[in-house]
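See below for run_16.pdb, which holds PDB, C-alpha atoms.
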ATOM      1  CA  MET S   1       2.941  -3.031 -18.294  1.00  0.00           C
ATOM      2  CA  PRO S   2       1.778  -3.175 -14.672  1.00  0.00           C
ATOM      3  CA  GLU S   3       4.099  -5.069 -12.384  1.00  0.00           C
ATOM      4  CA  LYS S   4       3.550  -6.710  -9.008  1.00  0.00           C
ATOM      5  CA  VAL S   5       4.530  -4.314  -6.217  1.00  0.00           C
ATOM      6  CA  GLN S   6       4.888  -5.083  -2.501  1.00  0.00           C
ATOM      7  CA  ILE S   7       5.333  -2.367   0.100  1.00  0.00           C
ATOM      8  CA  GLU S   8       6.064  -3.073   3.756  1.00  0.00           C
ATOM      9  CA  VAL S   9       3.947  -0.853   5.973  1.00  0.00           C
ATOM     10  CA  GLU S  10       3.595  -0.024   9.672  1.00  0.00           C
ATOM     11  CA  ASN S  11       0.738   0.360  12.126  1.00  0.00           C
ATOM     12  CA  ILE S  12      -1.758  -2.090  10.620  1.00  0.00           C
ATOM     13  CA  ARG S  13      -3.530  -3.096  13.810  1.00  0.00           C
ATOM     14  CA  CYS S  14      -7.064  -4.085  12.879  1.00  0.00           C
ATOM     15  CA  GLY S  15      -9.635  -4.650  10.175  1.00  0.00           C
ATOM     16  CA  GLY S  16     -10.393  -0.924  10.189  1.00  0.00           C
ATOM     17  CA  CYS S  17      -6.803  -0.226   9.145  1.00  0.00           C
ATOM     18  CA  VAL S  18      -7.135  -2.738   6.320  1.00  0.00           C
ATOM     19  CA  ARG S  19     -10.389  -1.082   5.169  1.00  0.00           C
ATOM     20  CA  SER S  20      -8.837   2.400   5.300  1.00  0.00           C
ATOM     21  CA  ILE S  21      -5.847   1.293   3.229  1.00  0.00           C
ATOM     22  CA  THR S  22      -8.062  -0.584   0.775  1.00  0.00           C
ATOM     23  CA  GLN S  23     -10.301   2.445   0.253  1.00  0.00           C
ATOM     24  CA  GLY S  24      -7.464   4.978   0.060  1.00  0.00           C
ATOM     25  CA  VAL S  25      -5.137   3.002  -2.180  1.00  0.00           C
ATOM     26  CA  GLY S  26      -7.950   1.435  -4.200  1.00  0.00           C
ATOM     27  CA  ALA S  27      -9.014   4.907  -5.354  1.00  0.00           C
ATOM     28  CA  ILE S  28      -5.672   5.502  -7.087  1.00  0.00           C
ATOM     29  CA  ALA S  29      -5.788   5.169 -10.868  1.00  0.00           C
ATOM     30  CA  GLY S  30      -3.647   2.344 -12.216  1.00  0.00           C
ATOM     31  CA  VAL S  31      -3.833   0.179  -9.079  1.00  0.00           C
ATOM     32  CA  SER S  32      -5.275  -3.308  -9.509  1.00  0.00           C
ATOM     33  CA  GLU S  33      -5.223  -6.618  -7.621  1.00  0.00           C
ATOM     34  CA  LEU S  34      -4.860  -4.793  -4.293  1.00  0.00           C
ATOM     35  CA  HIS S  35      -4.268  -6.940  -1.205  1.00  0.00           C
ATOM     36  CA  VAL S  36      -3.490  -5.846   2.354  1.00  0.00           C
ATOM     37  CA  ASP S  37      -1.863  -8.513   4.554  1.00  0.00           C
ATOM     38  CA  ARG S  38      -2.341  -7.417   8.176  1.00  0.00           C
ATOM     39  CA  GLU S  39      -0.180 -10.169   9.662  1.00  0.00           C
ATOM     40  CA  LYS S  40       2.807  -9.579   7.367  1.00  0.00           C
ATOM     41  CA  HIS S  41       2.326  -5.774   7.230  1.00  0.00           C
ATOM     42  CA  VAL S  42       2.447  -5.766   3.429  1.00  0.00           C
ATOM     43  CA  VAL S  43       0.367  -3.961   0.821  1.00  0.00           C
ATOM     44  CA  SER S  44       0.604  -5.588  -2.603  1.00  0.00           C
ATOM     45  CA  PHE S  45      -0.890  -4.564  -5.930  1.00  0.00           C
ATOM     46  CA  ARG S  46      -0.268  -4.384  -9.644  1.00  0.00           C
ATOM     47  CA  GLY S  47       0.683  -1.015 -11.073  1.00  0.00           C
ATOM     48  CA  ASP S  48       3.290   1.032 -12.889  1.00  0.00           C
ATOM     49  CA  LEU S  49       5.979   3.283 -11.382  1.00  0.00           C
ATOM     50  CA  GLN S  50       3.639   6.278 -11.224  1.00  0.00           C
ATOM     51  CA  ALA S  51       0.994   4.244  -9.361  1.00  0.00           C
ATOM     52  CA  LYS S  52       3.663   2.969  -6.953  1.00  0.00           C
ATOM     53  CA  GLU S  53       4.783   6.518  -6.177  1.00  0.00           C
ATOM     54  CA  GLN S  54       1.177   7.612  -5.619  1.00  0.00           C
ATOM     55  CA  VAL S  55       0.502   4.625  -3.360  1.00  0.00           C
ATOM     56  CA  MET S  56       3.619   5.329  -1.302  1.00  0.00           C
ATOM     57  CA  SER S  57       2.596   8.970  -0.940  1.00  0.00           C
ATOM     58  CA  LYS S  58      -0.924   7.966   0.110  1.00  0.00           C
ATOM     59  CA  LEU S  59       0.332   5.413   2.645  1.00  0.00           C
ATOM     60  CA  THR S  60       2.723   8.016   4.087  1.00  0.00           C
ATOM     61  CA  SER S  61      -0.058  10.588   4.439  1.00  0.00           C
ATOM     62  CA  MET S  62      -2.245   7.956   6.139  1.00  0.00           C
ATOM     63  CA  GLY S  63       0.501   7.102   8.648  1.00  0.00           C
ATOM     64  CA  TYR S  64       1.227   3.582   7.400  1.00  0.00           C
ATOM     65  CA  LEU S  65       4.594   4.293   5.800  1.00  0.00           C
ATOM     66  CA  SER S  66       7.474   6.245   7.293  1.00  0.00           C
ATOM     67  CA  GLN S  67       8.701   9.274   5.399  1.00  0.00           C
ATOM     68  CA  GLN S  68      12.196   7.726   5.159  1.00  0.00           C
ATOM     69  CA  ALA S  69      10.936   4.881   2.943  1.00  0.00           C
ATOM     70  CA  GLY S  70      12.263   5.142  -0.601  1.00  0.00           C
ATOM     71  CA  VAL S  71      10.665   4.286  -3.895  1.00  0.00           C
TER
END
Serialized structure, structure tokens:
Amino acid sequence: MPEKVQIEVENIRCGGCVRSITQGVGAIAGVSELHVDREKHVVSFRGDLQAKEQVMSKLTSMGYLSQQAGV
């Protein structure tokens, strides 16, 4: 059962950042109800543990999540 996941991110500075995150994370299987909050620096979505791990990996590779962040 997909659960609501919120991940605090860094470096969201503009609408282009929001679009990049939306496109990158939105392409991951199992992710639904994706929302990027630029002001609060939070990416939220519904997904399972595997989707969460994939999203965290994607955000790290895009430079929006530090490598020290845990699952």
Self-check item: Within 10 Å of file point (-5.2, -6.8, -3.0), counting all atoms listed in the file, expressed as a ChimeraX atom specification
Solution: /S:22,25-26,31-37,43-46
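Run against this file, the PyMOL selection byres ((chain S and resi 47) around 8) gives back Met1, Pro2, Glu3, Lys4, Val5, Gly30, Val31, Ser32, Phe45, Arg46, Asp48, Leu49, Gln50, Ala51 and Lys52 of chain S.
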Quiz item: How many Å separate CA of Arg38 (chain S) from CA of Ile12 (chain S)?
Solution: 5.9 Å
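Of note, CA of Ile21 (chain S) and CA of Gln6 (chain S) are spaced 13.7 Å apart.
From CA of Gly16 (chain S) back to CA of Met56 (chain S), the distance works out to 19.2 Å.
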May I have the centre and edge lengths, in Å to one decimal, of an axis-aligned box around the listed atoms of region 30-39 of chain S with 3 Å added to every side, as JSON?
{"center_x": -2.7, "center_y": -3.9, "center_z": -1.3, "size_x": 11.1, "size_y": 18.5, "size_z": 27.9}
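Once the PyMOL selection byres ((chain S and resi 42) around 6) is applied to the shown structure, the selection contains Ile7, Glu8, Val9, Asp37, Lys40, His41 and Val43 of chain S.
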Take the residues just selected and output them with C-alpha atoms as a PDB file, keeping the file's coordinate frame.
ATOM      1  CA  ILE S   7       5.333  -2.367   0.100  1.00  0.00           C
ATOM      2  CA  GLU S   8       6.064  -3.073   3.756  1.00  0.00           C
ATOM      3  CA  VAL S   9       3.947  -0.853   5.973  1.00  0.00           C
ATOM      4  CA  ASP S  37      -1.863  -8.513   4.554  1.00  0.00           C
ATOM      5  CA  LYS S  40       2.807  -9.579   7.367  1.00  0.00           C
ATOM      6  CA  HIS S  41       2.326  -5.774   7.230  1.00  0.00           C
ATOM      7  CA  VAL S  43       0.367  -3.961   0.821  1.00  0.00           C
TER       8      VAL S  43
END
Exercise. Identify, on the basis of all atoms listed in the file, every residue whose closest approach to Met62 (chain S) does not exceed 9 Å; exclude the query and any residue fewer than 3 positions from it along the same chain; express the result as a list in words.
Key: Ser20, Ile21, Gly24, Ser57, Lys58, Leu59 and Leu65 of chain S
Generate the output file for the selected residues, C-alpha atoms, as a PDB file, in the coordinates of the input.
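For reference, result_15.pdb as written:
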ATOM      1  CA  SER S  20      -8.837   2.400   5.300  1.00  0.00           C
ATOM      2  CA  ILE S  21      -5.847   1.293   3.229  1.00  0.00           C
ATOM      3  CA  GLY S  24      -7.464   4.978   0.060  1.00  0.00           C
ATOM      4  CA  SER S  57       2.596   8.970  -0.940  1.00  0.00           C
ATOM      5  CA  LYS S  58      -0.924   7.966   0.110  1.00  0.00           C
ATOM      6  CA  LEU S  59       0.332   5.413   2.645  1.00  0.00           C
ATOM      7  CA  LEU S  65       4.594   4.293   5.800  1.00  0.00           C
TER       8      LEU S  65
END
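Minimum atom-to-atom distance to Cys14 (chain S), evaluated using all atoms listed in the file, belongs to S:Glu39 out of S:Gly63, S:Glu53, S:Glu39, S:Ile28.
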